[in-house]
Amino acid sequence: MSSSCKLGETAGKMRLQEEDDTSTANDRLSPLPEPILHHILSFLDTKSAVQTSVLSPAWRCTWRHVPVLDFVSLLFQEYSSFVSFVDKVLSLRYPLNLCKVSFIDKVVLKDEELNKHWRFPRVVEYALAHNAQHLVVVVDKPWSIHESCLVRSEMNCNLKTLELTYAFLDRVGFGSSVLQSMTTLHLHVCFLHSEEGLVCVPNFPSLENLVLSACRGPILRPDHQSIKISGDRLLSLKLTGCFFTKIDVSAPCLKFFTLDDAMVPLGFSELNLPSLDYADIRMNRTADLYLVTLFFGLHNAKSLTLDSKTIQEVSKFNNLEHLPSPFTRLKYLNVQSSSIPYKVATYFLKGSPDTEPNIEFLPNGTEEDP
């Protein structure tokens, strides 16, 4: 072999060694402790986490330890591939406890395809069987909470957070006795079971945060849209775009109350909120509600936020200057507008314990100024 060939061979080996050294130097993940690797992969959707198995032999099984599952059907070109992927992941993953499980399936299936292809019941069962603390289910077809086996109390003792989208919730499958540890509940576009025209949200023993977004009573009984909410430990309640015509709330520990964008005129027959500190009222689409009843129900609030639409409605009250203010502890009035009529500001603040209560003008008002 000529000296030039030997030189070329030597140079090639040196380049390969340099590339290998560079690759090793740039690989800062593999040397990390396994718990840290599992934590890093938990920020990826499950499809991406599984794809890391091709990086090297050391990564082949790392995804099987990740304490988070995040299934997203739209990441797959074929729905059958998504179904197969879900089945394989649940079969191959090591039987370790889970922290969070998300199932996001926005592919609309025909009724005859549901039994064959729909995987969310199995995913939910798997999550609860492996002590998941946080569960998120988003689908594009209404489903019954009963089908997801949430009624199995022995599988639910560790669930802390539950977020459901597009579900029918019946009292059998959604009783407080099976969700003893749940502290946060988010319901979006859900149809709630009612008895004699009244929807009752169970008094979950540990519930602290409740969000109802675009929820309503039975779809076949549009005239029965009343709801009763009670919670001995409830701290925060947010109602956004709901369709209820009558609302009762009894929450002795509630600190934060938000009413945002009601879809229909609202009536409040009872608001028992003795510990309320912060109230946020934003009627962006309609202000056609019994505002006086609402305000008296919020009379303990120390901080009140109003959008310009609500302020417009209050300014129309007859003899507003002579009406007593329902607020006796109000210290902060936050206004989503560039101005507020003097008579409206006086109405809210005349009962304040402070001689100089604060008025703050927020920049994100969506309606015209009053």
# chains A, B, ... in the order shown; residues from 1 in each chain; ligands from 1
>>> residues_around(residues="A:Ser275", least_positions_apart="5", cutoff="12 Å", atoms="only C-alpha atoms", output="NGL selection string")
:A and (232-236 or 250-257 or 297-302 or 329)
>>> residues_around(residues="A:Ala214", least_positions_apart="2", cutoff="9 Å", atoms="only C-alpha atoms", output="list in words")
Leu187, His188, Val189, Cys190, Leu212, Arg216, Leu239, Thr240, Gly241, Cys242, Phe243, Ala262 and Met263 of chain A
>>> closest_residue(among="A:Cys99, A:Lys160, A:Pro202, A:Glu321", to="A:Asp70", atoms="only C-alpha atoms")
A:Cys99
>>> closest_residue(among="A:Pro353, A:Phe168, A:Phe348, A:Val139", to="A:His322", atoms="only C-alpha atoms")
A:Phe348
>>> residues_around(residues="stretch 125-137 of chain A", least_positions_apart="4", cutoff="7 Å", atoms="only C-alpha atoms", output="PyMOL selection string")
chain A and resi 96-104+121+148-149+155-156+158-165
>>> write_last_selection(atoms="N, CA and C atoms", output="PDB file, in the first residue's frame")
ATOM      1  N   LEU A  96     -45.874   0.616  35.953  1.00  0.00           N
ATOM      2  CA  LEU A  96     -45.503   1.561  37.002  1.00  0.00           C
ATOM      3  C   LEU A  96     -46.615   2.579  37.195  1.00  0.00           C
ATOM      4  N   ASN A  97     -46.644   3.205  38.355  1.00  0.00           N
ATOM      5  CA  ASN A  97     -47.652   4.227  38.618  1.00  0.00           C
ATOM      6  C   ASN A  97     -47.491   5.408  37.673  1.00  0.00           C
ATOM      7  N   LEU A  98     -48.615   6.030  37.360  1.00  0.00           N
ATOM      8  CA  LEU A  98     -48.640   7.174  36.451  1.00  0.00           C
ATOM      9  C   LEU A  98     -48.908   8.463  37.213  1.00  0.00           C
ATOM     10  N   CYS A  99     -48.390   9.552  36.673  1.00  0.00           N
ATOM     11  CA  CYS A  99     -48.697  10.869  37.216  1.00  0.00           C
ATOM     12  C   CYS A  99     -49.872  11.499  36.455  1.00  0.00           C
ATOM     13  N   LYS A 100     -49.776  11.499  35.112  1.00  0.00           N
ATOM     14  CA  LYS A 100     -50.809  12.150  34.306  1.00  0.00           C
ATOM     15  C   LYS A 100     -51.066  11.358  33.039  1.00  0.00           C
ATOM     16  N   VAL A 101     -52.333  11.320  32.631  1.00  0.00           N
ATOM     17  CA  VAL A 101     -52.727  10.688  31.378  1.00  0.00           C
ATOM     18  C   VAL A 101     -53.644  11.646  30.622  1.00  0.00           C
ATOM     19  N   SER A 102     -53.310  11.901  29.361  1.00  0.00           N
ATOM     20  CA  SER A 102     -54.147  12.722  28.484  1.00  0.00           C
ATOM     21  C   SER A 102     -54.545  11.896  27.269  1.00  0.00           C
ATOM     22  N   PHE A 103     -55.809  11.998  26.917  1.00  0.00           N
ATOM     23  CA  PHE A 103     -56.311  11.310  25.729  1.00  0.00           C
ATOM     24  C   PHE A 103     -57.063  12.331  24.890  1.00  0.00           C
ATOM     25  N   ILE A 104     -56.429  12.785  23.815  1.00  0.00           N
ATOM     26  CA  ILE A 104     -56.994  13.827  22.955  1.00  0.00           C
ATOM     27  C   ILE A 104     -57.359  13.196  21.625  1.00  0.00           C
ATOM     28  N   PRO A 121     -62.033   4.294  26.559  1.00  0.00           N
ATOM     29  CA  PRO A 121     -62.370   3.548  27.784  1.00  0.00           C
ATOM     30  C   PRO A 121     -61.193   2.746  28.310  1.00  0.00           C
ATOM     31  N   SER A 148     -66.474   4.797  31.099  1.00  0.00           N
ATOM     32  CA  SER A 148     -65.040   4.921  31.362  1.00  0.00           C
ATOM     33  C   SER A 148     -64.629   4.303  32.692  1.00  0.00           C
ATOM     34  N   CYS A 149     -65.573   3.672  33.374  1.00  0.00           N
ATOM     35  CA  CYS A 149     -65.274   2.935  34.609  1.00  0.00           C
ATOM     36  C   CYS A 149     -64.852   3.846  35.750  1.00  0.00           C
ATOM     37  N   MET A 155     -60.472   2.058  42.102  1.00  0.00           N
ATOM     38  CA  MET A 155     -59.479   2.503  41.129  1.00  0.00           C
ATOM     39  C   MET A 155     -59.292   4.012  41.153  1.00  0.00           C
ATOM     40  N   ASN A 156     -59.994   4.749  41.997  1.00  0.00           N
ATOM     41  CA  ASN A 156     -60.013   6.194  41.895  1.00  0.00           C
ATOM     42  C   ASN A 156     -59.437   6.935  43.087  1.00  0.00           C
ATOM     43  N   ASN A 158     -56.608   7.857  44.051  1.00  0.00           N
ATOM     44  CA  ASN A 158     -55.480   8.777  43.894  1.00  0.00           C
ATOM     45  C   ASN A 158     -55.720   9.893  42.881  1.00  0.00           C
ATOM     46  N   LEU A 159     -56.848   9.914  42.218  1.00  0.00           N
ATOM     47  CA  LEU A 159     -57.098  10.916  41.186  1.00  0.00           C
ATOM     48  C   LEU A 159     -57.281  12.297  41.824  1.00  0.00           C
ATOM     49  N   LYS A 160     -56.416  13.246  41.431  1.00  0.00           N
ATOM     50  CA  LYS A 160     -56.445  14.598  41.983  1.00  0.00           C
ATOM     51  C   LYS A 160     -57.130  15.593  41.043  1.00  0.00           C
ATOM     52  N   THR A 161     -56.863  15.446  39.747  1.00  0.00           N
ATOM     53  CA  THR A 161     -57.371  16.401  38.762  1.00  0.00           C
ATOM     54  C   THR A 161     -58.093  15.646  37.656  1.00  0.00           C
ATOM     55  N   LEU A 162     -59.281  16.115  37.310  1.00  0.00           N
ATOM     56  CA  LEU A 162     -60.063  15.493  36.253  1.00  0.00           C
ATOM     57  C   LEU A 162     -60.569  16.578  35.303  1.00  0.00           C
ATOM     58  N   GLU A 163     -60.217  16.460  34.009  1.00  0.00           N
ATOM     59  CA  GLU A 163     -60.665  17.389  32.981  1.00  0.00           C
ATOM     60  C   GLU A 163     -61.377  16.597  31.887  1.00  0.00           C
ATOM     61  N   LEU A 164     -62.637  16.911  31.665  1.00  0.00           N
ATOM     62  CA  LEU A 164     -63.451  16.179  30.695  1.00  0.00           C
ATOM     63  C   LEU A 164     -64.046  17.135  29.684  1.00  0.00           C
ATOM     64  N   THR A 165     -64.035  16.727  28.421  1.00  0.00           N
ATOM     65  CA  THR A 165     -64.644  17.506  27.350  1.00  0.00           C
ATOM     66  C   THR A 165     -65.613  16.633  26.579  1.00  0.00           C
TER      67      THR A 165
END
>>> residues_around(residues="A:Phe296", least_positions_apart="4", cutoff="8 Å", atoms="only C-alpha atoms", output="list in words")
Val292, Pro326 and Phe327 of chain A
>>> write_last_selection(atoms="N, CA, C and O atoms", output="mmCIF file, in the first residue's frame")
data_model
loop_
_atom_site.group_PDB
_atom_site.id
_atom_site.type_symbol
_atom_site.label_atom_id
_atom_site.label_comp_id
_atom_site.auth_asym_id
_atom_site.auth_seq_id
_atom_site.Cartn_x
_atom_site.Cartn_y
_atom_site.Cartn_z
ATOM 1 N N VAL A 292 -78.839 42.635 40.449
ATOM 2 C CA VAL A 292 -78.968 43.013 41.859
ATOM 3 C C VAL A 292 -78.866 41.785 42.748
ATOM 4 O O VAL A 292 -78.150 41.771 43.756
ATOM 5 N N PRO A 326 -74.656 46.766 47.838
ATOM 6 C CA PRO A 326 -74.650 45.451 48.491
ATOM 7 C C PRO A 326 -73.282 45.078 49.067
ATOM 8 O O PRO A 326 -73.178 44.156 49.873
ATOM 9 N N PHE A 327 -72.245 45.817 48.661
ATOM 10 C CA PHE A 327 -70.885 45.447 49.053
ATOM 11 C C PHE A 327 -70.463 46.213 50.308
ATOM 12 O O PHE A 327 -70.402 47.438 50.315
#
>>> residues_around(residues="A:Ser230", least_positions_apart="6", cutoff="12 Å", atoms="only C-alpha atoms", output="ChimeraX atom specification")
/A:176,199-205,207-210,236-237,247-254,270-273
>>> closest_residue(among="A:Leu198, A:Ile36, A:Val138, A:Val123", to="A:Asp87", atoms="only C-alpha atoms")
A:Val123
>>> select_by_dssp(residues="stretch 185-310 of chain A", states="helix (DSSP H, G or I)", output="PyMOL selection string")
chain A and resi 291-297+308-310
>>> residues_around(residues="A:Phe191", least_positions_apart="6", cutoff="8 Å", atoms="only C-alpha atoms", output="MDAnalysis selection string")
chainID A and resid 166:169 215:219
>>> write_last_selection(atoms="N, CA, C and O atoms", output="short mmCIF file (atom, residue, chain, number, x, y, z; two decimals), in the first residue's frame")
data_model
loop_
_atom_site.label_atom_id
_atom_site.label_comp_id
_atom_site.auth_asym_id
_atom_site.auth_seq_id
_atom_site.Cartn_x
_atom_site.Cartn_y
_atom_site.Cartn_z
N TYR A 166 -66.83 17.14 26.44
CA TYR A 166 -67.87 16.49 25.65
C TYR A 166 -68.28 15.16 26.26
O TYR A 166 -68.10 14.10 25.65
N ALA A 167 -68.84 15.20 27.47
CA ALA A 167 -69.24 13.97 28.16
C ALA A 167 -70.65 14.11 28.71
O ALA A 167 -71.11 15.20 29.04
N PHE A 168 -71.36 13.00 28.78
CA PHE A 168 -72.62 12.90 29.50
C PHE A 168 -72.31 12.39 30.89
O PHE A 168 -71.76 11.30 31.05
N LEU A 169 -72.65 13.17 31.91
CA LEU A 169 -72.34 12.79 33.28
C LEU A 169 -73.61 12.40 34.01
O LEU A 169 -74.47 13.25 34.25
N CYS A 215 -71.30 24.25 29.75
CA CYS A 215 -72.04 23.08 30.21
C CYS A 215 -73.54 23.39 30.26
O CYS A 215 -73.96 24.54 30.28
N ARG A 216 -74.33 22.32 30.30
CA ARG A 216 -75.78 22.47 30.34
C ARG A 216 -76.40 21.23 30.94
O ARG A 216 -75.73 20.21 31.16
N GLY A 217 -77.72 21.30 31.17
CA GLY A 217 -78.45 20.16 31.66
C GLY A 217 -78.78 19.21 30.52
O GLY A 217 -78.16 19.27 29.46
N PRO A 218 -79.75 18.31 30.72
CA PRO A 218 -80.09 17.33 29.68
C PRO A 218 -80.44 18.00 28.36
O PRO A 218 -81.22 18.95 28.33
N ILE A 219 -79.87 17.51 27.27
CA ILE A 219 -80.08 18.13 25.98
C ILE A 219 -81.52 17.99 25.52
O ILE A 219 -82.01 18.80 24.72
#
>>> closest_residue(among="A:Pro33, A:Pro363, A:Pro324, A:Gly267", to="A:Ser308", atoms="only C-alpha atoms")
A:Pro363
>>> closest_residue(among="A:Thr245, A:Ser91, A:Ser56, A:Ser84", to="A:Arg119", atoms="only C-alpha atoms")
A:Ser84
>>> residues_around(residues="A:Thr52", least_positions_apart="6", cutoff="12 Å", atoms="only C-alpha atoms", output="list of chain:residue names")
A:Leu29, A:Ser30, A:Leu37, A:His38, A:Ile40, A:Leu41, A:Leu44, A:Asp45, A:Thr46, A:Ala58, A:Trp59, A:Arg60, A:Cys61, A:Thr62, A:Trp63, A:Arg64, A:Val66
>>> atom_distance(atom1="atom CA of A:Ser338", atom2="atom CA of A:Asp307")
10.5 Å
>>> decode(residues="stretch 33-50 of chain A", atoms="N, CA, C and O atoms", output="tab-separated table (two decimals), in the first residue's frame")
chain	number	residue	atom	x	y	z
A	33	PRO	N	-29.09	10.67	35.25
A	33	PRO	CA	-29.79	9.61	35.98
A	33	PRO	C	-31.14	9.30	35.33
A	33	PRO	O	-31.79	10.19	34.76
A	34	GLU	N	-31.56	8.06	35.40
A	34	GLU	CA	-32.79	7.64	34.73
A	34	GLU	C	-34.02	8.43	35.17
A	34	GLU	O	-34.85	8.79	34.33
A	35	PRO	N	-34.19	8.72	36.45
A	35	PRO	CA	-35.37	9.51	36.84
A	35	PRO	C	-35.45	10.86	36.13
A	35	PRO	O	-36.54	11.34	35.80
A	36	ILE	N	-34.28	11.48	35.90
A	36	ILE	CA	-34.26	12.77	35.20
A	36	ILE	C	-34.63	12.58	33.73
A	36	ILE	O	-35.38	13.38	33.14
A	37	LEU	N	-34.13	11.50	33.11
A	37	LEU	CA	-34.49	11.21	31.72
A	37	LEU	C	-35.99	10.99	31.59
A	37	LEU	O	-36.63	11.47	30.66
A	38	HIS	N	-36.55	10.25	32.53
A	38	HIS	CA	-37.99	9.99	32.50
A	38	HIS	C	-38.77	11.30	32.65
A	38	HIS	O	-39.80	11.50	31.98
A	39	HIS	N	-38.27	12.18	33.50
A	39	HIS	CA	-38.94	13.47	33.70
A	39	HIS	C	-38.88	14.31	32.43
A	39	HIS	O	-39.86	14.97	32.05
A	40	ILE	N	-37.73	14.31	31.75
A	40	ILE	CA	-37.59	15.07	30.51
A	40	ILE	C	-38.55	14.55	29.44
A	40	ILE	O	-39.24	15.32	28.76
A	41	LEU	N	-38.64	13.23	29.30
A	41	LEU	CA	-39.53	12.64	28.29
A	41	LEU	C	-41.00	12.89	28.63
A	41	LEU	O	-41.85	12.84	27.73
A	42	SER	N	-41.30	13.15	29.88
A	42	SER	CA	-42.70	13.38	30.26
A	42	SER	C	-43.26	14.66	29.67
A	42	SER	O	-44.48	14.85	29.65
A	43	PHE	N	-42.39	15.54	29.17
A	43	PHE	CA	-42.85	16.78	28.54
A	43	PHE	C	-43.20	16.57	27.06
A	43	PHE	O	-43.70	17.49	26.41
A	44	LEU	N	-42.92	15.40	26.52
A	44	LEU	CA	-43.23	15.08	25.13
A	44	LEU	C	-44.55	14.33	25.06
A	44	LEU	O	-44.96	13.66	26.01
A	45	ASP	N	-45.24	14.42	23.90
A	45	ASP	CA	-46.36	13.53	23.69
A	45	ASP	C	-45.82	12.11	23.60
A	45	ASP	O	-44.63	11.88	23.32
A	46	THR	N	-46.67	11.14	23.82
A	46	THR	CA	-46.20	9.75	23.91
A	46	THR	C	-45.61	9.26	22.60
A	46	THR	O	-44.64	8.48	22.59
A	47	LYS	N	-46.14	9.69	21.47
A	47	LYS	CA	-45.57	9.28	20.19
A	47	LYS	C	-44.12	9.73	20.07
A	47	LYS	O	-43.24	8.94	19.68
A	48	SER	N	-43.84	10.98	20.42
A	48	SER	CA	-42.46	11.48	20.35
A	48	SER	C	-41.57	10.78	21.37
A	48	SER	O	-40.40	10.50	21.09
A	49	ALA	N	-42.12	10.49	22.54
A	49	ALA	CA	-41.33	9.81	23.56
A	49	ALA	C	-40.93	8.41	23.09
A	49	ALA	O	-39.78	7.98	23.28
A	50	VAL	N	-41.84	7.69	22.45
A	50	VAL	CA	-41.54	6.36	21.95
A	50	VAL	C	-40.49	6.42	20.84
A	50	VAL	O	-39.63	5.55	20.73
